[in-house]
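**Student:** Structure provided below as C-alpha cells; questions to follow.
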Amino acid sequence: MRAAIAFFPGDQSLKLAQLISVLKGEVQPPQPEPADDDEDQQEVQDYAPPPFVAKIQDLLEAEKFVDVIQTYADESGLLLNVADRELEAVYNLLIAMVKDVPVKTIPSLVKSISDPIVSAAPERAHLRLKILSNLYNSLEHTSPARYDVYLSIIEVASKSDELDTLVPTFAHLDEWVVLWGIPLNKTRDLYRLLSEKLSNTKAFKRQGYEFALKLLTTYESSDAKTLSSVSADAIRAVELAVKIAVVLNFEPLHALGAVQALKTAKNGKDVFELLKIFVDGNLKSYKAFAENKGDFITKHGLSNDDNIYKMRLLSLASLAANHVQGEVSYDVIATELNIDEDDVEMWVIDGIRAGLIEAKMNQLKRSILVSRATQRIFRKEQWDSLGTKLDAWKAHLDEMLQVIANAKLLAIQGIDDIPAQ
C-alpha cells in the first residue's frame, strides 16, 4: 500500500484534501509563514487545519491509506463543482489512487465515485463521461468493477442523449461480461438496462429490441417457473417488435421459451396471440383481433394504423412467397391488402424498399413478376417446398447436361463424316 501512496507525494494528497475542505465550506485559517524564529515556530505549531484536512492528516500519520482514499471517494461528489478546465485532472488524481488499492476495496470506491457523477445534473455530460471512461480504463480488464462503471456510463449517456458514444462497444459486450466474471443475473440486468435506455430513443430502437432478445435468450435453458417469472420482459419484447418499423422478422422472437410461456400466462395470452398474427397471419386476421380486443392495442402503447401498415407489408410478402418466379395480378394484391388497385404499385415499392420482395411491375398486364420473397416462417412445410424446388432444379440441370452431351456427340460425329480432301 505504501507504493500506492508513494505515487502521490504527501503535498499533492493534502492539496486534494484542502480542495475538498474548501468545497465543503469549511473555514480556512490563514496559512502561517515558514518559521524563522521561536515566535514563528510557535505560530506554526498553533496552526489548526480545517476539519477535513485534519482528518486526512490523522489517517496518513496512522498509515491508514485505504481509509484516506475511501474518505476522498466518499466526498468526491464535491469535486463536480470544480471548473471545467480542472475537473478531469482533479478526478484523475483520485482515480490513480484507486487502481492500486486491494482488490476487495475497489467496488466500494468505484460506487462512491460513480454514484454522484450519475446523479449529477445533465450539464457537462461530456466531462462526466470522460471521467467515468478514465475510471473504467484504469481498472484491470478482468475487474468486475468495470461492470459497475459501465452501468454508470450507460446512465449518464442516456440522461444526456449521448448513447451514440456507447454503440461501438456493443460488439464487445459478450466478450466483456465473460472477462468481468460477473454472474448471469448481472448480465441480464445489463441487457435489460440497455434495452430500456436504447428503445426510448429515436435513433437506437432497433438496438434496444436486439438487447431485449439477448436478455430473453439467457433464459432458454430455464425451467417453466423461471420462464413465467420473466413474462414482463417477454411482453415488452413483443411490444417493441410490433412497434419498431424495421422489425419484420418475428419468428426468432416467437421461438424463445420465455415468449412461448406467454401462451399460458394470465397477462400474456393476448400478447402471444398478437405476436402469432405478426409471425404468420394476415391483415384480415389482425383486424379481427384488434376489433375483438377493445383497447388492447393502445393499452400496450401500440398504434393500430402502424400495425395495419406493417401487416399489409407482411401480407404482401406472404403472397409473393407463394408465387416466386410467377405472376401476381394487381387485383389479387388489392384484395389481400384491402386497398384500391390504384395503390398496389405504391405498396409493391414499399415492399421492395423494406427488403421483403423483389419484383418487376408490368403495368400493361397489371401484374407483378416475383423473383424473390422473404419467407416469414421457415418450418417443415417450407423445407418440403424447398426440397421440391431443389429436386426440380436438379432434374432440369440433368436435362440440360444431357442436351449438352448430345450436342457434343453430334458435333464429333459431324466432324468424322467430313470427307477427306
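In the C-alpha cells, chains take letters A, B, ... by order of appearance, with residues numbered from 1 within each chain and ligands from 1 in the order shown.
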Quick one: residues within 10 Å of Asp74 (chain A), only C-alpha atoms counted, chain neighbours fewer than 6 positions away excluded, as a ChimeraX atom specification?
**Tutor:** /A:68,108-113,115-116
**Student:** Residues as selected, C-alpha atoms, written as a PDB file, in the first residue's frame, can you do that?
**Tutor:**
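Final file, selection_37.pdb:
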ATOM      1  CA  VAL A  68      -7.681   8.006   3.152  1.00  0.00           C
ATOM      2  CA  SER A 108     -16.816   0.315  -2.686  1.00  0.00           C
ATOM      3  CA  LEU A 109     -14.535   3.032  -4.042  1.00  0.00           C
ATOM      4  CA  VAL A 110     -15.964   2.768  -7.543  1.00  0.00           C
ATOM      5  CA  LYS A 111     -19.515   3.099  -6.220  1.00  0.00           C
ATOM      6  CA  SER A 112     -18.615   6.109  -4.081  1.00  0.00           C
ATOM      7  CA  ILE A 113     -17.030   7.852  -7.062  1.00  0.00           C
ATOM      8  CA  ASP A 115     -22.870   7.462  -7.898  1.00  0.00           C
ATOM      9  CA  PRO A 116     -22.539  11.264  -7.562  1.00  0.00           C
TER      10      PRO A 116
END
**Student:** When you look at Gly355 (chain A) with a cut-off of 12 Å (counting only C-alpha atoms), what residues show up, excluding the ones that are within fewer than 5 positions of it in the same chain? I need them as a CSV table (one decimal) with C-alpha atoms, in the first residue's frame.
**Tutor:**
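File produced: part-v5.csv:
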chain,number,residue,atom,x,y,z
A,246,VAL,CA,-37.9,-2.1,-39.4
A,247,VAL,CA,-38.6,-5.3,-37.4
A,248,LEU,CA,-40.3,-7.6,-39.9
A,249,ASN,CA,-39.0,-11.0,-38.9
A,313,LEU,CA,-46.3,-5.4,-45.9
A,314,LEU,CA,-46.1,-8.8,-44.3
A,316,LEU,CA,-47.7,-8.8,-49.4
A,317,ALA,CA,-44.5,-10.8,-48.5
A,348,VAL,CA,-45.1,-3.1,-54.1
A,349,ILE,CA,-42.5,-0.3,-54.0
A,350,ASP,CA,-42.7,-0.2,-50.2
A,372,ARG,CA,-37.7,-13.3,-54.6
A,373,ALA,CA,-39.7,-13.0,-51.5
A,374,THR,CA,-39.0,-13.3,-47.8
A,375,GLN,CA,-40.4,-16.4,-46.1
**Student:** Quick one: residues within 10 Å of Ser21 (chain A), only C-alpha atoms, excluding same-chain residues fewer than 3 positions away - as a list in words?
**Tutor:**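 What passes the distance filter is Lys15, Leu16, Ala17, Gln18, Lys24, Gly25, Glu26, Val27, Gln28, Pro49, Pro50, Pro51, Phe52, Val53, Ala54, Glu75 and Leu78 of chain A.
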**Student:** Grab the residues selected above and save them as a PDB file, in the first residue's frame with C-alpha atoms.
**Tutor:**
ATOM      1  CA  LYS A  15      -3.853  19.596  -1.740  1.00  0.00           C
ATOM      2  CA  LEU A  16      -6.744  17.324  -2.674  1.00  0.00           C
ATOM      3  CA  ALA A  17      -7.826  17.357   0.973  1.00  0.00           C
ATOM      4  CA  GLN A  18      -7.630  21.155   1.061  1.00  0.00           C
ATOM      5  CA  LYS A  24     -17.284  21.614   1.904  1.00  0.00           C
ATOM      6  CA  GLY A  25     -17.376  25.249   3.001  1.00  0.00           C
ATOM      7  CA  GLU A  26     -15.027  24.792   5.920  1.00  0.00           C
ATOM      8  CA  VAL A  27     -13.374  27.929   7.279  1.00  0.00           C
ATOM      9  CA  GLN A  28      -9.817  28.119   6.015  1.00  0.00           C
ATOM     10  CA  PRO A  49      -6.040  22.910   9.795  1.00  0.00           C
ATOM     11  CA  PRO A  50      -9.692  22.699   8.688  1.00  0.00           C
ATOM     12  CA  PRO A  51     -11.537  19.603   9.974  1.00  0.00           C
ATOM     13  CA  PHE A  52     -11.384  17.602   6.725  1.00  0.00           C
ATOM     14  CA  VAL A  53      -7.676  18.297   6.246  1.00  0.00           C
ATOM     15  CA  ALA A  54      -7.034  17.363   9.857  1.00  0.00           C
ATOM     16  CA  GLU A  75     -16.598  13.199  -0.671  1.00  0.00           C
ATOM     17  CA  LEU A  78     -17.997  17.799  -4.270  1.00  0.00           C
TER      18      LEU A  78
END
